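Undergrad: So here's structure_0.cif (mmCIF, C-alpha atoms).
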```
data_upload
#
loop_
_atom_site.group_PDB
_atom_site.id
_atom_site.type_symbol
_atom_site.label_atom_id
_atom_site.label_comp_id
_atom_site.auth_asym_id
_atom_site.auth_seq_id
_atom_site.Cartn_x
_atom_site.Cartn_y
_atom_site.Cartn_z
ATOM 1 C CA MET A 1 61.616 98.043 -124.367
ATOM 2 C CA SER A 2 60.658 99.473 -120.978
ATOM 3 C CA LEU A 3 63.252 100.592 -118.444
ATOM 4 C CA ALA A 4 62.462 97.596 -116.238
ATOM 5 C CA GLU A 5 62.927 95.176 -119.152
ATOM 6 C CA HIS A 6 66.171 96.853 -120.149
ATOM 7 C CA ILE A 7 67.473 96.636 -116.590
ATOM 8 C CA LYS A 8 66.539 92.975 -116.320
ATOM 9 C CA ASP A 9 68.173 92.013 -119.619
ATOM 10 C CA LYS A 10 71.331 94.137 -119.447
ATOM 11 C CA VAL A 11 74.421 92.320 -118.145
ATOM 12 C CA HIS A 12 75.713 95.111 -115.917
ATOM 13 C CA SER A 13 76.332 95.202 -112.200
ATOM 14 C CA ALA A 14 73.795 97.992 -111.710
ATOM 15 C CA ALA A 15 71.130 95.587 -112.947
ATOM 16 C CA PHE A 16 72.588 92.424 -111.440
ATOM 17 C CA PHE A 17 72.619 93.748 -107.879
ATOM 18 C CA ASP A 18 69.456 95.870 -108.115
ATOM 19 C CA GLU A 19 68.157 96.953 -104.694
ATOM 20 C CA GLN A 20 70.954 95.171 -102.825
ATOM 21 C CA ARG A 21 73.188 98.123 -103.590
ATOM 22 C CA ASP A 22 71.133 100.314 -101.298
ATOM 23 C CA HIS A 23 72.488 98.188 -98.430
ATOM 24 C CA TRP A 24 76.144 97.743 -99.378
ATOM 25 C CA TRP A 25 77.604 100.131 -96.791
ATOM 26 C CA ASN A 26 77.428 100.748 -93.076
ATOM 27 C CA ARG A 27 77.031 104.486 -92.503
ATOM 28 C CA ASP A 28 79.510 104.609 -89.602
ATOM 29 C CA PHE A 29 82.134 102.843 -91.723
ATOM 30 C CA LEU A 30 81.773 105.458 -94.472
ATOM 31 C CA GLU A 31 82.050 108.183 -91.835
ATOM 32 C CA LEU A 32 85.315 106.594 -90.649
ATOM 33 C CA MET A 33 86.647 106.468 -94.221
ATOM 34 C CA ALA A 34 85.637 110.086 -94.777
ATOM 35 C CA ARG A 35 87.610 111.169 -91.693
ATOM 36 C CA ARG A 36 90.671 109.150 -92.633
ATOM 37 C CA LEU A 37 90.674 110.421 -96.223
ATOM 38 C CA LYS A 38 89.774 114.008 -95.214
ATOM 39 C CA LEU A 39 86.790 114.060 -97.517
ATOM 40 C CA ASP A 40 85.548 117.172 -95.742
ATOM 41 C CA GLN A 41 87.798 118.956 -98.261
ATOM 42 C CA ALA A 42 85.973 117.488 -101.265
ATOM 43 C CA ARG A 43 83.644 119.992 -102.899
ATOM 44 C CA ARG A 44 83.876 118.830 -106.507
ATOM 45 C CA VAL A 45 83.266 115.077 -106.805
ATOM 46 C CA LEU A 46 83.122 112.745 -109.814
ATOM 47 C CA ASP A 47 81.530 109.271 -109.654
ATOM 48 C CA VAL A 48 82.825 107.322 -112.679
ATOM 49 C CA GLY A 49 80.585 104.568 -114.059
ATOM 50 C CA CYS A 50 77.873 105.706 -111.678
ATOM 51 C CA GLY A 51 75.210 103.232 -112.808
ATOM 52 C CA MET A 52 72.007 104.081 -110.966
ATOM 53 C CA GLY A 53 73.921 106.280 -108.536
ATOM 54 C CA HIS A 54 74.011 103.911 -105.554
ATOM 55 C CA TRP A 55 77.653 104.584 -104.632
ATOM 56 C CA GLY A 56 77.430 108.333 -105.159
ATOM 57 C CA ARG A 57 74.374 108.581 -102.914
ATOM 58 C CA ALA A 58 75.990 106.415 -100.227
ATOM 59 C CA LEU A 59 79.135 108.519 -100.321
ATOM 60 C CA GLY A 60 77.053 111.692 -100.399
ATOM 61 C CA GLN A 61 75.935 110.930 -96.833
ATOM 62 C CA VAL A 62 79.455 111.688 -95.575
ATOM 63 C CA LEU A 63 80.460 114.457 -97.987
ATOM 64 C CA PRO A 64 80.157 118.183 -97.156
ATOM 65 C CA HIS A 65 76.665 119.609 -97.568
ATOM 66 C CA ASP A 66 77.902 121.937 -100.289
ATOM 67 C CA ALA A 67 79.720 119.250 -102.283
ATOM 68 C CA GLN A 68 78.632 118.920 -105.908
ATOM 69 C CA VAL A 69 78.640 115.357 -107.225
ATOM 70 C CA THR A 70 78.738 114.547 -110.932
ATOM 71 C CA GLY A 71 77.919 110.997 -111.985
ATOM 72 C CA ILE A 72 78.926 109.728 -115.412
ATOM 73 C CA ASP A 73 78.012 106.468 -117.120
ATOM 74 C CA ARG A 74 78.213 105.180 -120.683
ATOM 75 C CA GLU A 75 74.647 103.820 -120.553
ATOM 76 C CA ARG A 76 71.950 106.480 -120.895
ATOM 77 C CA VAL A 77 69.399 104.222 -119.196
ATOM 78 C CA TRP A 78 71.449 104.217 -115.969
ATOM 79 C CA VAL A 79 71.924 107.979 -116.126
ATOM 80 C CA GLU A 80 68.174 108.498 -116.398
ATOM 81 C CA GLU A 81 67.484 106.070 -113.579
ATOM 82 C CA ALA A 82 70.106 107.770 -111.394
ATOM 83 C CA ARG A 83 68.374 111.110 -111.963
ATOM 84 C CA ILE A 84 65.001 109.635 -111.020
ATOM 85 C CA LYS A 85 66.312 108.038 -107.826
ATOM 86 C CA THR A 86 68.212 111.138 -106.756
ATOM 87 C CA LEU A 87 65.211 113.386 -107.339
ATOM 88 C CA ALA A 88 63.123 110.975 -105.264
ATOM 89 C CA ALA A 89 65.696 111.263 -102.473
ATOM 90 C CA GLY A 90 65.396 115.059 -102.579
ATOM 91 C CA ASP A 91 69.148 115.673 -102.877
ATOM 92 C CA ASP A 92 70.003 118.516 -105.265
ATOM 93 C CA ARG A 93 73.798 118.130 -105.030
ATOM 94 C CA PHE A 94 73.888 115.571 -107.849
ATOM 95 C CA GLN A 95 73.953 115.754 -111.615
ATOM 96 C CA PHE A 96 74.378 112.910 -114.089
ATOM 97 C CA GLU A 97 75.552 112.705 -117.662
ATOM 98 C CA VAL A 98 76.503 110.186 -120.331
ATOM 99 C CA GLY A 99 80.201 109.591 -120.904
ATOM 100 C CA SER A 100 82.965 107.023 -121.032
ATOM 101 C CA ALA A 101 85.301 106.069 -118.194
ATOM 102 C CA GLU A 102 88.063 105.552 -120.756
ATOM 103 C CA ARG A 103 87.771 109.157 -121.978
ATOM 104 C CA LEU A 104 86.276 111.404 -119.330
ATOM 105 C CA PRO A 105 84.794 114.603 -120.800
ATOM 106 C CA PHE A 106 86.353 116.899 -118.206
ATOM 107 C CA ALA A 107 89.374 119.159 -118.004
ATOM 108 C CA ASP A 108 92.555 118.247 -116.187
ATOM 109 C CA ASP A 109 92.563 118.841 -112.408
ATOM 110 C CA ALA A 110 88.792 119.436 -112.308
ATOM 111 C CA PHE A 111 87.765 117.484 -109.175
ATOM 112 C CA ASP A 112 88.749 117.171 -105.526
ATOM 113 C CA LEU A 113 87.597 113.543 -105.369
ATOM 114 C CA VAL A 114 87.258 111.066 -108.246
ATOM 115 C CA THR A 115 85.798 107.680 -107.395
ATOM 116 C CA CYS A 116 84.243 104.538 -108.822
ATOM 117 C CA GLN A 117 82.598 101.392 -107.491
ATOM 118 C CA THR A 118 82.717 98.006 -109.263
ATOM 119 C CA VAL A 119 83.578 99.624 -112.589
ATOM 120 C CA LEU A 120 87.121 98.415 -113.252
ATOM 121 C CA ILE A 121 85.918 94.795 -113.204
ATOM 122 C CA TYR A 122 84.348 95.514 -116.623
ATOM 123 C CA MET A 123 87.272 97.381 -118.152
ATOM 124 C CA ARG A 124 89.642 96.037 -120.804
ATOM 125 C CA ASP A 125 92.471 98.204 -119.430
ATOM 126 C CA PRO A 126 91.918 99.156 -115.756
ATOM 127 C CA PRO A 127 95.246 101.024 -115.385
ATOM 128 C CA ALA A 128 94.286 103.276 -118.313
ATOM 129 C CA VAL A 129 90.933 104.064 -116.670
ATOM 130 C CA ILE A 130 92.666 104.862 -113.379
ATOM 131 C CA ALA A 131 95.116 107.121 -115.214
ATOM 132 C CA GLU A 132 92.164 108.967 -116.727
ATOM 133 C CA MET A 133 90.624 109.348 -113.283
ATOM 134 C CA VAL A 134 93.926 110.732 -112.017
ATOM 135 C CA ARG A 135 94.069 113.206 -114.912
ATOM 136 C CA VAL A 136 90.827 114.908 -113.865
ATOM 137 C CA THR A 137 91.779 114.930 -110.153
ATOM 138 C CA ARG A 138 93.399 118.111 -108.860
ATOM 139 C CA PRO A 139 96.920 117.883 -107.407
ATOM 140 C CA GLY A 140 96.500 116.803 -103.794
ATOM 141 C CA GLY A 141 93.026 115.461 -104.535
ATOM 142 C CA VAL A 142 91.809 111.943 -103.757
ATOM 143 C CA VAL A 143 91.260 109.021 -106.107
ATOM 144 C CA LEU A 144 89.072 106.381 -104.429
ATOM 145 C CA VAL A 145 88.419 103.024 -106.086
ATOM 146 C CA VAL A 146 86.062 100.338 -104.756
ATOM 147 C CA GLU A 147 86.523 96.929 -106.391
ATOM 148 C CA PRO A 148 86.035 93.309 -105.269
ATOM 149 C CA ASN A 149 87.591 89.919 -105.348
ATOM 150 C CA ASN A 150 84.414 88.138 -106.415
ATOM 151 C CA LEU A 151 86.017 84.733 -106.877
ATOM 152 C CA SER A 152 86.556 84.395 -103.123
ATOM 153 C CA GLN A 153 82.826 83.881 -102.621
ATOM 154 C CA ASN A 154 83.193 80.336 -103.961
ATOM 155 C CA LEU A 155 84.643 79.346 -100.592
ATOM 156 C CA VAL A 156 82.005 80.936 -98.371
ATOM 157 C CA PHE A 157 79.854 78.126 -96.975
ATOM 158 C CA SER A 158 76.251 77.839 -95.894
ATOM 159 C CA ASP A 159 75.481 75.351 -93.138
ATOM 160 C CA LYS A 160 74.196 72.941 -95.806
ATOM 161 C CA ASP A 161 77.419 73.317 -97.817
ATOM 162 C CA PHE A 162 79.401 72.633 -94.683
ATOM 163 C CA ALA A 163 77.406 69.498 -93.860
ATOM 164 C CA ARG A 164 77.906 68.228 -97.411
ATOM 165 C CA PHE A 165 81.622 69.059 -97.234
ATOM 166 C CA ILE A 166 82.037 67.040 -94.021
ATOM 167 C CA ALA A 167 79.804 64.077 -94.862
ATOM 168 C CA GLN A 168 80.356 63.415 -98.579
ATOM 169 C CA ARG A 169 83.718 62.095 -99.724
ATOM 170 C CA ASP A 170 83.306 63.539 -103.219
ATOM 171 C CA ALA A 171 82.262 67.011 -102.016
ATOM 172 C CA ILE A 172 85.788 68.406 -102.354
ATOM 173 C CA ASP A 173 86.126 67.193 -105.932
ATOM 174 C CA GLU A 174 82.721 68.640 -106.815
ATOM 175 C CA LEU A 175 83.650 72.000 -105.320
ATOM 176 C CA ILE A 176 87.004 72.092 -107.104
ATOM 177 C CA GLN A 177 85.289 71.205 -110.376
ATOM 178 C CA LEU A 178 82.854 74.116 -110.061
ATOM 179 C CA ILE A 179 85.608 76.523 -109.046
ATOM 180 C CA ARG A 180 87.671 75.413 -112.041
ATOM 181 C CA PHE A 181 84.617 76.003 -114.237
ATOM 182 C CA GLU A 182 84.205 79.561 -112.956
ATOM 183 C CA LEU A 183 87.926 80.295 -113.212
ATOM 184 C CA THR A 184 87.922 79.121 -116.825
ATOM 185 C CA ILE A 185 84.998 81.420 -117.628
ATOM 186 C CA GLU A 186 86.785 84.251 -115.843
ATOM 187 C CA ARG A 187 89.977 83.700 -117.799
ATOM 188 C CA GLY A 188 87.995 83.730 -121.038
ATOM 189 C CA ARG A 189 86.211 86.910 -120.012
ATOM 190 C CA GLN A 190 89.543 88.602 -119.468
ATOM 191 C CA ALA A 191 90.907 87.221 -122.759
ATOM 192 C CA LYS A 192 87.938 88.792 -124.564
ATOM 193 C CA GLY A 193 88.762 92.161 -123.016
ATOM 194 C CA HIS A 194 85.626 92.236 -120.869
ATOM 195 C CA GLY A 195 87.321 92.718 -117.524
ATOM 196 C CA PHE A 196 88.416 90.682 -114.506
ATOM 197 C CA ASN A 197 85.990 89.950 -111.689
ATOM 198 C CA SER A 198 88.616 90.151 -108.953
ATOM 199 C CA VAL A 199 90.502 93.236 -110.099
ATOM 200 C CA GLY A 200 90.316 94.652 -106.573
ATOM 201 C CA ASP A 201 93.376 92.536 -105.725
ATOM 202 C CA LEU A 202 95.415 94.505 -108.259
ATOM 203 C CA VAL A 203 94.342 98.105 -107.648
ATOM 204 C CA PRO A 204 96.973 99.050 -104.997
ATOM 205 C CA GLY A 205 99.709 97.984 -107.418
ATOM 206 C CA TYR A 206 98.118 99.961 -110.239
ATOM 207 C CA PHE A 207 98.126 103.053 -108.004
ATOM 208 C CA ALA A 208 101.788 102.502 -107.123
ATOM 209 C CA ALA A 209 102.740 102.157 -110.791
ATOM 210 C CA LEU A 210 101.171 105.588 -111.409
ATOM 211 C CA ARG A 211 103.303 107.012 -108.564
ATOM 212 C CA LEU A 212 100.342 108.210 -106.539
ATOM 213 C CA ASP A 213 100.902 109.386 -102.968
ATOM 214 C CA GLU A 214 99.452 108.119 -99.673
ATOM 215 C CA ILE A 215 98.101 104.832 -101.023
ATOM 216 C CA GLN A 216 95.745 103.285 -98.464
ATOM 217 C CA THR A 217 93.863 100.002 -98.749
ATOM 218 C CA TYR A 218 90.852 99.009 -96.633
ATOM 219 C CA LEU A 219 88.165 96.335 -96.701
ATOM 220 C CA SER A 220 84.445 96.973 -96.350
ATOM 221 C CA ASP A 221 83.126 95.806 -92.988
ATOM 222 C CA LYS A 222 79.727 94.766 -94.394
ATOM 223 C CA SER A 223 78.557 91.159 -94.548
ATOM 224 C CA PHE A 224 75.259 90.070 -96.111
ATOM 225 C CA ALA A 225 74.617 87.393 -93.504
ATOM 226 C CA LEU A 226 71.422 85.414 -94.110
ATOM 227 C CA TYR A 227 69.666 83.499 -91.350
ATOM 228 C CA PRO A 228 66.012 82.714 -90.581
ATOM 229 C CA PRO A 229 63.679 84.492 -90.731
ATOM 230 C CA ASN A 230 65.611 86.842 -93.092
ATOM 231 C CA SER A 231 63.502 89.758 -91.956
ATOM 232 C CA THR A 232 65.784 92.776 -92.469
ATOM 233 C CA PRO A 233 65.502 94.880 -95.654
ATOM 234 C CA LEU A 234 68.991 93.734 -96.698
ATOM 235 C CA GLN A 235 68.194 90.061 -96.143
ATOM 236 C CA ARG A 236 64.915 90.288 -98.032
ATOM 237 C CA ALA A 237 66.659 92.025 -100.951
ATOM 238 C CA VAL A 238 69.401 89.383 -101.128
ATOM 239 C CA VAL A 239 66.931 86.494 -101.007
ATOM 240 C CA ARG A 240 64.860 88.092 -103.789
ATOM 241 C CA HIS A 241 68.020 88.488 -105.829
ATOM 242 C CA TYR A 242 68.960 84.802 -105.602
ATOM 243 C CA VAL A 243 65.408 83.652 -106.276
ATOM 244 C CA ASP A 244 65.224 85.901 -109.341
ATOM 245 C CA CYS A 245 68.565 84.618 -110.694
ATOM 246 C CA ALA A 246 67.439 81.021 -110.212
ATOM 247 C CA GLU A 247 64.121 81.649 -111.972
ATOM 248 C CA ARG A 248 65.902 83.277 -114.929
ATOM 249 C CA ARG A 249 68.516 80.493 -114.927
ATOM 250 C CA ASN A 250 71.190 83.143 -115.170
ATOM 251 C CA GLN A 251 74.224 83.996 -113.182
ATOM 252 C CA ILE A 252 76.299 87.146 -113.855
ATOM 253 C CA CYS A 253 76.448 86.151 -117.514
ATOM 254 C CA ASP A 254 73.796 84.239 -119.412
ATOM 255 C CA ARG A 255 74.397 80.782 -120.841
ATOM 256 C CA ASN A 256 75.538 81.876 -124.305
ATOM 257 C CA GLN A 257 78.003 84.473 -123.073
ATOM 258 C CA SER A 258 79.348 82.072 -120.463
ATOM 259 C CA PHE A 259 79.899 79.453 -123.188
ATOM 260 C CA VAL A 260 81.897 81.956 -125.260
ATOM 261 C CA TYR A 261 84.027 82.829 -122.248
ATOM 262 C CA TYR A 262 84.491 79.167 -121.319
ATOM 263 C CA LEU A 263 85.896 78.335 -124.728
ATOM 264 C CA ALA A 264 88.082 81.459 -124.749
ATOM 265 C CA GLY A 265 89.409 80.416 -121.350
ATOM 266 C CA GLY A 266 90.545 77.037 -122.633
ATOM 267 C CA GLY A 267 87.517 74.913 -121.762
ATOM 268 C CA ARG A 268 86.265 72.047 -123.920
ATOM 269 C CA ALA A 269 82.879 72.553 -125.593
ATOM 270 C CA ALA A 270 81.736 69.055 -124.600
ATOM 271 C CA ASP A 271 82.335 69.812 -120.912
ATOM 272 C CA PHE A 272 80.371 73.051 -120.762
ATOM 273 C CA GLU A 273 76.738 71.937 -120.620
ATOM 274 C CA PRO A 274 77.033 69.489 -117.711
ATOM 275 C CA LEU A 275 79.026 72.001 -115.686
ATOM 276 C CA TRP A 276 76.663 74.873 -116.510
ATOM 277 C CA ASN A 277 73.639 72.792 -115.516
ATOM 278 C CA GLU A 278 75.295 71.671 -112.287
ATOM 279 C CA SER A 279 76.117 75.273 -111.448
ATOM 280 C CA LEU A 280 72.515 76.352 -112.091
ATOM 281 C CA ASN A 281 71.117 73.404 -110.148
ATOM 282 C CA ARG A 282 73.192 74.432 -107.148
ATOM 283 C CA LEU A 283 71.974 78.001 -107.507
ATOM 284 C CA ALA A 284 68.348 76.835 -107.680
ATOM 285 C CA GLU A 285 68.790 74.634 -104.602
ATOM 286 C CA PHE A 286 70.456 77.484 -102.716
ATOM 287 C CA ALA A 287 67.723 79.972 -103.673
ATOM 288 C CA GLU A 288 64.953 77.553 -102.688
ATOM 289 C CA ASP A 289 66.594 76.862 -99.321
ATOM 290 C CA LEU A 290 66.930 80.601 -98.672
ATOM 291 C CA ASP A 291 63.328 81.221 -99.650
ATOM 292 C CA ARG A 292 62.189 78.500 -97.231
ATOM 293 C CA ASN A 293 64.442 79.807 -94.449
ATOM 294 C CA ALA A 294 66.092 76.409 -94.449
ATOM 295 C CA ILE A 295 69.773 77.455 -94.341
ATOM 296 C CA HIS A 296 72.042 80.116 -92.912
ATOM 297 C CA TYR A 297 74.960 81.767 -94.628
ATOM 298 C CA GLY A 298 77.590 84.316 -93.580
ATOM 299 C CA ALA A 299 77.902 85.776 -97.098
ATOM 300 C CA GLY A 300 81.288 87.329 -96.505
ATOM 301 C CA THR A 301 82.826 89.242 -99.389
ATOM 302 C CA ILE A 302 86.132 90.887 -100.212
ATOM 303 C CA LEU A 303 85.461 94.464 -101.255
ATOM 304 C CA TYR A 304 88.477 96.757 -101.312
ATOM 305 C CA LEU A 305 88.496 100.516 -100.842
ATOM 306 C CA VAL A 306 91.774 101.808 -102.268
ATOM 307 C CA SER A 307 92.611 105.499 -102.035
ATOM 308 C CA ALA A 308 95.525 107.698 -103.003
ATOM 309 C CA ARG A 309 96.369 111.356 -103.585
ATOM 310 C CA LYS A 310 97.463 112.885 -106.847
ATOM 311 C CA PRO A 311 100.997 114.249 -106.428
ATOM 312 C CA HIS A 312 101.632 117.989 -106.582
ATOM 313 C CA ARG A 313 104.756 117.464 -108.663
#
```
Any chance you could give the structure as structure tokens?

TA:
Amino acid sequence: MSLAEHIKDKVHSAAFFDEQRDHWWNRDFLELMARRLKLDQARRVLDVGCGMGHWGRALGQVLPHDAQVTGIDRERVWVEEARIKTLAAGDDRFQFEVGSAERLPFADDAFDLVTCQTVLIYMRDPPAVIAEMVRVTRPGGVVLVVEPNNLSQNLVFSDKDFARFIAQRDAIDELIQLIRFELTIERGRQAKGHGFNSVGDLVPGYFAALRLDEIQTYLSDKSFALYPPNSTPLQRAVVRHYVDCAERRNQICDRNQSFVYYLAGGGRAADFEPLWNESLNRLAEFAEDLDRNAIHYGAGTILYLVSARKPHR
């Protein structure tokens, strides 16, 4: 299997969001976060679950020029791709290796900054992963976690959604039905130990339970707003993403995995197929409308940045 085929087939956020991840952050916002968190003191940096290295490279823009960034991921294919992309960018501060977030292959107190982006949403035990991140952070060093509430996107409307919501009496029931469907899948995913798609809501509390100091919680200021003619690099990447998902008839999980999660979440087998097809039909309609520049959409998201310092005690 080629790298491209592997990336397309693998259910992993690094594949699911592809080139969109190059546009996730506003540079001036990261500069603000770097000042607030005093990242000018970070010389040894670890990016946990680095995927293709998107977050590490974005963060690298606001780190000291002599900072050394190590990226680690359990999937060798992402490590190799991260190396290729970083070499292409001409930045020699990075190195990448294979390893597990649950058992980081580093000594205690080894890094000034330990970070991850959209990694805990896949973890069976997020607090245990955070504790491992804390272990390899030096006393006084920063732990920085970036995680979403992905379920909130169900209530972000396009203009067409809004018109349907206002004009059709059954639109509310249809929306609630689809949200219930996704929540059931999400509950089953968590029951199977495959993570929770809105774990960002819980991270500040996890930090507090570990008795970390200076806990700070922020929200990304980036929106992926789509409106005709969708001419920016970000807009073009997002439209391509939705069109590709619709053509593959896949969402974050494929049909078979979603069915397993739906049953594990308490759904009835007989209800799955109609709801799955309705969900895909809506995705296909949305993608077609975007591709034709026929709708506009604010595409707001909830993406938390939660930081803390490892105590000296």

Undergrad: Once the PyMOL selection byres ((chain A and resi 180) around 12) has been applied to the shown file, what residues remain in the selection, as a PyMOL selection string?

TA: chain A and resi 151+154+173-179+181-187+262+265-267+271-272+275-276+279

Undergrad: With C-alpha atoms retained, could you export that selection as a tab-separated table (two decimals), keeping the file's coordinate frame?

TA:
```
chain	number	residue	atom	x	y	z
A	151	LEU	CA	86.02	84.73	-106.88
A	154	ASN	CA	83.19	80.34	-103.96
A	173	ASP	CA	86.13	67.19	-105.93
A	174	GLU	CA	82.72	68.64	-106.82
A	175	LEU	CA	83.65	72.00	-105.32
A	176	ILE	CA	87.00	72.09	-107.10
A	177	GLN	CA	85.29	71.20	-110.38
A	178	LEU	CA	82.85	74.12	-110.06
A	179	ILE	CA	85.61	76.52	-109.05
A	181	PHE	CA	84.62	76.00	-114.24
A	182	GLU	CA	84.20	79.56	-112.96
A	183	LEU	CA	87.93	80.30	-113.21
A	184	THR	CA	87.92	79.12	-116.82
A	185	ILE	CA	85.00	81.42	-117.63
A	186	GLU	CA	86.78	84.25	-115.84
A	187	ARG	CA	89.98	83.70	-117.80
A	262	TYR	CA	84.49	79.17	-121.32
A	265	GLY	CA	89.41	80.42	-121.35
A	266	GLY	CA	90.54	77.04	-122.63
A	267	GLY	CA	87.52	74.91	-121.76
A	271	ASP	CA	82.34	69.81	-120.91
A	272	PHE	CA	80.37	73.05	-120.76
A	275	LEU	CA	79.03	72.00	-115.69
A	276	TRP	CA	76.66	74.87	-116.51
A	279	SER	CA	76.12	75.27	-111.45
```

Undergrad: Go ahead and find all residues with at least one atom no further than 12 Å from (69.4, 83.9, -104.2) in the file's coordinates, using only C-alpha atoms; report them as JSON, numbers by chain.

TA: {"A": [16, 17, 20, 224, 226, 235, 236, 237, 238, 239, 240, 241, 242, 243, 244, 245, 246, 247, 248, 249, 250, 251, 280, 282, 283, 284, 285, 286, 287, 288, 289, 290, 291, 292, 293, 295, 297, 299]}

Undergrad: May I have the residues from that selection written out with C-alpha atoms, as a PDB file, in the coordinates of the input?

TA:
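Saved result, result-v8.pdb, follows:
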```pdb
ATOM      1  CA  PHE A  16      72.588  92.424-111.440  1.00  0.00           C
ATOM      2  CA  PHE A  17      72.619  93.748-107.879  1.00  0.00           C
ATOM      3  CA  GLN A  20      70.954  95.171-102.825  1.00  0.00           C
ATOM      4  CA  PHE A 224      75.259  90.070 -96.111  1.00  0.00           C
ATOM      5  CA  LEU A 226      71.422  85.414 -94.110  1.00  0.00           C
ATOM      6  CA  GLN A 235      68.194  90.061 -96.143  1.00  0.00           C
ATOM      7  CA  ARG A 236      64.915  90.288 -98.032  1.00  0.00           C
ATOM      8  CA  ALA A 237      66.659  92.025-100.951  1.00  0.00           C
ATOM      9  CA  VAL A 238      69.401  89.383-101.128  1.00  0.00           C
ATOM     10  CA  VAL A 239      66.931  86.494-101.007  1.00  0.00           C
ATOM     11  CA  ARG A 240      64.860  88.092-103.789  1.00  0.00           C
ATOM     12  CA  HIS A 241      68.020  88.488-105.829  1.00  0.00           C
ATOM     13  CA  TYR A 242      68.960  84.802-105.602  1.00  0.00           C
ATOM     14  CA  VAL A 243      65.408  83.652-106.276  1.00  0.00           C
ATOM     15  CA  ASP A 244      65.224  85.901-109.341  1.00  0.00           C
ATOM     16  CA  CYS A 245      68.565  84.618-110.694  1.00  0.00           C
ATOM     17  CA  ALA A 246      67.439  81.021-110.212  1.00  0.00           C
ATOM     18  CA  GLU A 247      64.121  81.649-111.972  1.00  0.00           C
ATOM     19  CA  ARG A 248      65.902  83.277-114.929  1.00  0.00           C
ATOM     20  CA  ARG A 249      68.516  80.493-114.927  1.00  0.00           C
ATOM     21  CA  ASN A 250      71.190  83.143-115.170  1.00  0.00           C
ATOM     22  CA  GLN A 251      74.224  83.996-113.182  1.00  0.00           C
ATOM     23  CA  LEU A 280      72.515  76.352-112.091  1.00  0.00           C
ATOM     24  CA  ARG A 282      73.192  74.432-107.148  1.00  0.00           C
ATOM     25  CA  LEU A 283      71.974  78.001-107.507  1.00  0.00           C
ATOM     26  CA  ALA A 284      68.348  76.835-107.680  1.00  0.00           C
ATOM     27  CA  GLU A 285      68.790  74.634-104.602  1.00  0.00           C
ATOM     28  CA  PHE A 286      70.456  77.484-102.716  1.00  0.00           C
ATOM     29  CA  ALA A 287      67.723  79.972-103.673  1.00  0.00           C
ATOM     30  CA  GLU A 288      64.953  77.553-102.688  1.00  0.00           C
ATOM     31  CA  ASP A 289      66.594  76.862 -99.321  1.00  0.00           C
ATOM     32  CA  LEU A 290      66.930  80.601 -98.672  1.00  0.00           C
ATOM     33  CA  ASP A 291      63.328  81.221 -99.650  1.00  0.00           C
ATOM     34  CA  ARG A 292      62.189  78.500 -97.231  1.00  0.00           C
ATOM     35  CA  ASN A 293      64.442  79.807 -94.449  1.00  0.00           C
ATOM     36  CA  ILE A 295      69.773  77.455 -94.341  1.00  0.00           C
ATOM     37  CA  TYR A 297      74.960  81.767 -94.628  1.00  0.00           C
ATOM     38  CA  ALA A 299      77.902  85.776 -97.098  1.00  0.00           C
TER      39      ALA A 299
END
```

Undergrad: Step by step, work through what the PyMOL selection byres ((chain A and resi 305) around 8) selects in the shown file, and finish by giving those residues as number ranges by chain.

TA: A: 144-147, 217-220, 303-304, 306-307

Undergrad: Suppose you want the space between atom CA of A:Thr118 and atom CA of A:Thr232; what is it in Å?

TA: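 Atom CA of A:Thr118 sits 24.4 Å away from atom CA of A:Thr232.
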
Undergrad: Just want the 12 Å neighbourhood of A:Trp25, counted on only C-alpha atoms, with same-chain residues fewer than 5 positions away dropped. Output as a compact mmCIF listing (two decimals) with C-alpha atoms, in the coordinates of the input.

TA:
```
# COMPACT_ATOMS: atom_id res chain seq x y z
CA GLN A 20 70.95 95.17 -102.82
CA LEU A 30 81.77 105.46 -94.47
CA GLU A 31 82.05 108.18 -91.84
CA LEU A 32 85.32 106.59 -90.65
CA MET A 33 86.65 106.47 -94.22
CA HIS A 54 74.01 103.91 -105.55
CA TRP A 55 77.65 104.58 -104.63
CA GLY A 56 77.43 108.33 -105.16
CA ARG A 57 74.37 108.58 -102.91
CA ALA A 58 75.99 106.42 -100.23
CA LEU A 59 79.14 108.52 -100.32
CA GLN A 61 75.94 110.93 -96.83
CA VAL A 62 79.46 111.69 -95.58
CA GLN A 117 82.60 101.39 -107.49
CA VAL A 146 86.06 100.34 -104.76
CA LEU A 219 88.16 96.34 -96.70
CA SER A 220 84.44 96.97 -96.35
CA ASP A 221 83.13 95.81 -92.99
CA LYS A 222 79.73 94.77 -94.39
CA SER A 223 78.56 91.16 -94.55
CA PHE A 224 75.26 90.07 -96.11
CA LEU A 234 68.99 93.73 -96.70
CA LEU A 303 85.46 94.46 -101.26
CA LEU A 305 88.50 100.52 -100.84
```

Undergrad: Interatomic distance between atom CA of A:Gly99 and atom CA of A:Glu75?

TA: 8.0 Å

Undergrad: Distance atom CA of A:Phe111-atom CA of A:Pro204, one decimal place?

TA: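 Separation of atom CA of A:Phe111 and atom CA of A:Pro204: 21.0 Å.
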
Undergrad: Restricting the calculation to all atoms listed in the file, which member of A:Leu63, A:Leu263, A:Arg27, A:Ala107 is positioned closest to A:Ala191?

TA: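 Among the listed residues, A:Leu263 lies closest to A:Ala191.
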
Undergrad: Within 9 Å of (73.6, 116.5, -104.1), in the coordinates the file gives, what residues turn up when you count all atoms listed in the file, written out as a PyMOL selection string?

TA: chain A and resi 57+60+65-70+86+90-95

Undergrad: Could you list the residues chosen by the PyMOL selection byres ((chain A and resi 130) around 10) in this structure as a PyMOL selection string?

TA: chain A and resi 101-102+114-116+120+125-129+131-135+143-145+203+206-207+210
